[in-house]
>>> print(open('target_17.cif').read())   # mmCIF, C-alpha atoms, pLDDT in the B column; chains and numbers go by the auth columns
data_coords
#
loop_
_atom_site.group_PDB
_atom_site.id
_atom_site.type_symbol
_atom_site.label_atom_id
_atom_site.label_comp_id
_atom_site.label_asym_id
_atom_site.label_seq_id
_atom_site.Cartn_x
_atom_site.Cartn_y
_atom_site.Cartn_z
_atom_site.B_iso_or_equiv
_atom_site.auth_seq_id
_atom_site.auth_asym_id
ATOM 1 C CA MET A 1 4.766 6.598 1.588 89.00 1 A
ATOM 2 C CA ASP A 2 4.713 10.281 2.402 92.00 2 A
ATOM 3 C CA ALA A 3 6.249 11.380 -0.896 94.00 3 A
ATOM 4 C CA TRP A 4 4.557 8.865 -3.209 94.00 4 A
ATOM 5 C CA LEU A 5 1.154 8.065 -1.713 95.00 5 A
ATOM 6 C CA VAL A 6 0.050 10.802 0.706 95.00 6 A
ATOM 7 C CA PRO A 7 -0.660 13.190 -2.209 95.00 7 A
ATOM 8 C CA TYR A 8 -3.336 10.651 -3.296 95.00 8 A
ATOM 9 C CA GLY A 9 -5.112 10.691 0.063 95.00 9 A
ATOM 10 C CA VAL A 10 -3.240 7.733 1.568 97.00 10 A
ATOM 11 C CA GLU A 11 -2.576 7.806 5.304 96.00 11 A
ATOM 12 C CA VAL A 12 0.040 5.778 7.157 95.00 12 A
ATOM 13 C CA ALA A 13 -2.029 4.067 9.849 95.00 13 A
ATOM 14 C CA SER A 14 0.790 2.168 11.554 92.00 14 A
ATOM 15 C CA PRO A 15 2.847 3.785 14.279 93.00 15 A
ATOM 16 C CA ARG A 16 5.808 5.607 12.769 89.00 16 A
ATOM 17 C CA ASP A 17 8.080 4.609 15.619 90.00 17 A
ATOM 18 C CA PRO A 18 9.698 1.323 14.484 82.00 18 A
ATOM 19 C CA ALA A 19 9.822 0.111 18.092 86.00 19 A
ATOM 20 C CA ARG A 20 6.000 0.200 18.153 89.00 20 A
ATOM 21 C CA ARG A 21 5.266 -0.834 14.562 80.00 21 A
ATOM 22 C CA GLY A 22 6.395 -4.433 14.175 80.00 22 A
ATOM 23 C CA GLY A 23 7.047 -6.117 10.830 78.00 23 A
ATOM 24 C CA HIS A 24 4.352 -4.510 8.717 83.00 24 A
ATOM 25 C CA VAL A 25 2.974 -1.127 7.710 87.00 25 A
ATOM 26 C CA THR A 26 -0.715 -0.423 7.220 93.00 26 A
ATOM 27 C CA ILE A 27 -1.862 2.328 4.909 96.00 27 A
ATOM 28 C CA ARG A 28 -5.438 3.566 4.561 97.00 28 A
ATOM 29 C CA ARG A 29 -7.479 5.370 1.977 96.00 29 A
ATOM 30 C CA PRO A 30 -11.201 5.399 1.249 96.00 30 A
ATOM 31 C CA GLY A 31 -11.827 3.383 -1.908 93.00 31 A
ATOM 32 C CA PHE A 32 -8.854 1.023 -1.663 94.00 32 A
ATOM 33 C CA ARG A 33 -11.206 -1.948 -2.135 94.00 33 A
ATOM 34 C CA GLU A 34 -12.154 -0.734 -5.631 95.00 34 A
ATOM 35 C CA LEU A 35 -8.477 -0.615 -6.620 94.00 35 A
ATOM 36 C CA LEU A 36 -7.775 -4.271 -5.771 93.00 36 A
ATOM 37 C CA PRO A 37 -8.586 -5.697 -9.241 95.00 37 A
ATOM 38 C CA HIS A 38 -6.253 -3.154 -10.850 96.00 38 A
ATOM 39 C CA LEU A 39 -3.448 -4.160 -8.503 94.00 39 A
ATOM 40 C CA TRP A 40 -4.072 -7.879 -9.091 94.00 40 A
ATOM 41 C CA GLU A 41 -3.837 -7.320 -12.861 96.00 41 A
ATOM 42 C CA ARG A 42 -0.331 -5.944 -12.355 96.00 42 A
ATOM 43 C CA GLY A 43 0.843 -8.722 -10.069 91.00 43 A
ATOM 44 C CA VAL A 44 0.425 -6.910 -6.759 91.00 44 A
ATOM 45 C CA ILE A 45 -1.569 -8.970 -4.257 87.00 45 A
ATOM 46 C CA PRO A 46 -2.191 -6.697 -1.268 86.00 46 A
ATOM 47 C CA ASP A 47 -3.345 -7.787 2.156 89.00 47 A
ATOM 48 C CA PHE A 48 -6.595 -5.781 2.246 93.00 48 A
ATOM 49 C CA ARG A 49 -8.006 -4.997 5.674 93.00 49 A
ATOM 50 C CA GLU A 50 -11.567 -3.740 6.161 95.00 50 A
ATOM 51 C CA PRO A 51 -12.732 -1.099 5.884 95.00 51 A
ATOM 52 C CA ASP A 52 -10.075 0.748 3.886 96.00 52 A
ATOM 53 C CA GLY A 53 -6.598 -0.564 4.701 96.00 53 A
ATOM 54 C CA ILE A 54 -3.767 -2.308 2.919 94.00 54 A
ATOM 55 C CA ARG A 55 -1.207 -4.080 5.062 90.00 55 A
ATOM 56 C CA LEU A 56 2.312 -4.235 3.669 85.00 56 A
ATOM 57 C CA GLY A 57 4.346 -7.106 5.082 78.00 57 A
ATOM 58 C CA LEU A 58 7.996 -6.186 4.847 75.00 58 A
ATOM 59 C CA ALA A 59 9.677 -9.522 5.539 74.00 59 A
ATOM 60 C CA PRO A 60 13.393 -9.188 4.749 73.00 60 A
ATOM 61 C CA LEU A 61 13.860 -12.934 4.274 75.00 61 A
ATOM 62 C CA SER A 62 11.233 -13.218 1.538 78.00 62 A
ATOM 63 C CA THR A 63 10.660 -9.696 0.196 80.00 63 A
ATOM 64 C CA SER A 64 13.397 -7.652 -1.419 84.00 64 A
ATOM 65 C CA PHE A 65 13.675 -3.866 -1.448 84.00 65 A
ATOM 66 C CA THR A 66 13.183 -4.050 -5.223 90.00 66 A
ATOM 67 C CA GLU A 67 9.868 -5.887 -4.763 88.00 67 A
ATOM 68 C CA VAL A 68 8.642 -3.374 -2.170 86.00 68 A
ATOM 69 C CA HIS A 69 9.660 -0.478 -4.424 91.00 69 A
ATOM 70 C CA ALA A 70 7.908 -2.058 -7.424 93.00 70 A
ATOM 71 C CA GLY A 71 4.714 -2.751 -5.459 91.00 71 A
ATOM 72 C CA VAL A 72 4.465 0.774 -4.055 93.00 72 A
ATOM 73 C CA SER A 73 5.284 2.197 -7.488 96.00 73 A
ATOM 74 C CA ILE A 74 2.470 0.176 -9.053 96.00 74 A
ATOM 75 C CA LEU A 75 0.091 1.282 -6.296 96.00 75 A
ATOM 76 C CA ARG A 76 1.012 4.911 -7.025 97.00 76 A
ATOM 77 C CA ASP A 77 0.401 4.340 -10.751 97.00 77 A
ATOM 78 C CA VAL A 78 -3.020 2.820 -10.052 97.00 78 A
ATOM 79 C CA LEU A 79 -3.907 5.720 -7.752 96.00 79 A
ATOM 80 C CA THR A 80 -2.860 8.164 -10.461 96.00 80 A
ATOM 81 C CA GLU A 81 -5.000 6.403 -13.074 95.00 81 A
ATOM 82 C CA HIS A 82 -8.070 6.037 -10.837 91.00 82 A
ATOM 83 C CA ALA A 83 -7.930 9.206 -8.755 75.00 83 A
#
>>> encode(input="target_17.cif", output="structure tokens")
Amino acid sequence: MDAWLVPYGVEVASPRDPARRGGHVTIRRPGFRELLPHLWERGVIPDFREPDGIRLGLAPLSTSFTEVHAGVSILRDVLTEHA
């Protein structure tokens, strides 16, 4: 997140300590809501949380590293295109 998304104004809202974070990571950025249709078009269905958050559920039994990488990569592409 720091290398790929922070340069686009994204903030990691979840605790960074894994013992306090749980099974998901929430990222925030003003204007995330407007990016949802662009993510949907590319097959990324984020868990949007008002007012400006996206919750990433990293469930190892149902979500592969490849899927997480692809989703974050697509989010970075959309941020680049709509910055």
>>> residues_around(input="target_17.cif", residues="Leu39 in chain A", least_positions_apart="5", cutoff="8 Å", atoms="only C-alpha atoms", output="ChimeraX atom specification")
/A:44-46,74-75,78
>>> write_last_selection(input="target_17.cif", atoms="C-alpha atoms", output="PDB file, in the frame of the given file")
ATOM      1  CA  VAL A  44       0.425  -6.910  -6.759  1.00 91.00           C
ATOM      2  CA  ILE A  45      -1.569  -8.970  -4.257  1.00 87.00           C
ATOM      3  CA  PRO A  46      -2.191  -6.697  -1.268  1.00 86.00           C
ATOM      4  CA  ILE A  74       2.470   0.176  -9.053  1.00 96.00           C
ATOM      5  CA  LEU A  75       0.091   1.282  -6.296  1.00 96.00           C
ATOM      6  CA  VAL A  78      -3.020   2.820 -10.052  1.00 97.00           C
TER       7      VAL A  78
END
>>> residues_near_point(input="target_17.cif", point="(7.9, -2.3, -5.9)", cutoff="12 Å", atoms="all atoms listed in the file", output="tab-separated table (two decimals) with C-alpha atoms, keeping the file's coordinate frame")
chain	number	residue	atom	x	y	z
A	4	TRP	CA	4.56	8.86	-3.21
A	39	LEU	CA	-3.45	-4.16	-8.50
A	42	ARG	CA	-0.33	-5.94	-12.36
A	43	GLY	CA	0.84	-8.72	-10.07
A	44	VAL	CA	0.42	-6.91	-6.76
A	45	ILE	CA	-1.57	-8.97	-4.26
A	46	PRO	CA	-2.19	-6.70	-1.27
A	56	LEU	CA	2.31	-4.24	3.67
A	58	LEU	CA	8.00	-6.19	4.85
A	63	THR	CA	10.66	-9.70	0.20
A	64	SER	CA	13.40	-7.65	-1.42
A	65	PHE	CA	13.68	-3.87	-1.45
A	66	THR	CA	13.18	-4.05	-5.22
A	67	GLU	CA	9.87	-5.89	-4.76
A	68	VAL	CA	8.64	-3.37	-2.17
A	69	HIS	CA	9.66	-0.48	-4.42
A	70	ALA	CA	7.91	-2.06	-7.42
A	71	GLY	CA	4.71	-2.75	-5.46
A	72	VAL	CA	4.46	0.77	-4.06
A	73	SER	CA	5.28	2.20	-7.49
A	74	ILE	CA	2.47	0.18	-9.05
A	75	LEU	CA	0.09	1.28	-6.30
A	76	ARG	CA	1.01	4.91	-7.02
A	77	ASP	CA	0.40	4.34	-10.75
>>> resolve_selection(input="target_17.cif", expression="the PyMOL selection byres ((chain A and resi 9) around 9)", output="ChimeraX atom specification")
/A:5-8,10-11,28-30
>>> axis_aligned_box(input="target_17.cif", around="range 49-67 of chain A", padding_each_side="8 Å", output="JSON")
{"center_x": 0.6, "center_y": -6.2, "center_z": 0.5, "size_x": 42.6, "size_y": 30.0, "size_z": 27.4}
>>> residues_near_point(input="target_17.cif", point="(-7.0, 2.4, 3.6)", cutoff="10 Å", atoms="all atoms listed in the file", output="list in words")
Gly9, Val10, Glu11, Val12, Ala13, Thr26, Ile27, Arg28, Arg29, Pro30, Gly31, Phe32, Arg33, Phe48, Arg49, Glu50, Pro51, Asp52, Gly53, Ile54 and Arg55 of chain A
>>> write_last_selection(input="target_17.cif", atoms="C-alpha atoms", output="PDB file, in the frame of the given file")
ATOM      1  CA  GLY A   9      -5.112  10.691   0.063  1.00 95.00           C
ATOM      2  CA  VAL A  10      -3.240   7.733   1.568  1.00 97.00           C
ATOM      3  CA  GLU A  11      -2.576   7.806   5.304  1.00 96.00           C
ATOM      4  CA  VAL A  12       0.040   5.778   7.157  1.00 95.00           C
ATOM      5  CA  ALA A  13      -2.029   4.067   9.849  1.00 95.00           C
ATOM      6  CA  THR A  26      -0.715  -0.423   7.220  1.00 93.00           C
ATOM      7  CA  ILE A  27      -1.862   2.328   4.909  1.00 96.00           C
ATOM      8  CA  ARG A  28      -5.438   3.566   4.561  1.00 97.00           C
ATOM      9  CA  ARG A  29      -7.479   5.370   1.977  1.00 96.00           C
ATOM     10  CA  PRO A  30     -11.201   5.399   1.249  1.00 96.00           C
ATOM     11  CA  GLY A  31     -11.827   3.383  -1.908  1.00 93.00           C
ATOM     12  CA  PHE A  32      -8.854   1.023  -1.663  1.00 94.00           C
ATOM     13  CA  ARG A  33     -11.206  -1.948  -2.135  1.00 94.00           C
ATOM     14  CA  PHE A  48      -6.595  -5.781   2.246  1.00 93.00           C
ATOM     15  CA  ARG A  49      -8.006  -4.997   5.674  1.00 93.00           C
ATOM     16  CA  GLU A  50     -11.567  -3.740   6.161  1.00 95.00           C
ATOM     17  CA  PRO A  51     -12.732  -1.099   5.884  1.00 95.00           C
ATOM     18  CA  ASP A  52     -10.075   0.748   3.886  1.00 96.00           C
ATOM     19  CA  GLY A  53      -6.598  -0.564   4.701  1.00 96.00           C
ATOM     20  CA  ILE A  54      -3.767  -2.308   2.919  1.00 94.00           C
ATOM     21  CA  ARG A  55      -1.207  -4.080   5.062  1.00 90.00           C
TER      22      ARG A  55
END
>>> atom_distance(input="target_17.cif", atom1="CA of Pro60 in chain A", atom2="CA of Glu34 in chain A")
28.8 Å
>>> atom_distance(input="target_17.cif", atom1="CA of Glu81 in chain A", atom2="CA of Ser62 in chain A")
29.4 Å
>>> atom_distance(input="target_17.cif", atom1="CA of Arg20 in chain A", atom2="CA of Ala59 in chain A")
16.3 Å
>>> residues_around(input="target_17.cif", residues="Gly57 in chain A", least_positions_apart="5", cutoff="8 Å", atoms="only C-alpha atoms", output="PDB file with C-alpha atoms, in the coordinates of the input")
ATOM      1  CA  GLY A  23       7.047  -6.117  10.830  1.00 78.00           C
ATOM      2  CA  HIS A  24       4.352  -4.510   8.717  1.00 83.00           C
ATOM      3  CA  VAL A  25       2.974  -1.127   7.710  1.00 87.00           C
TER       4      VAL A  25
END
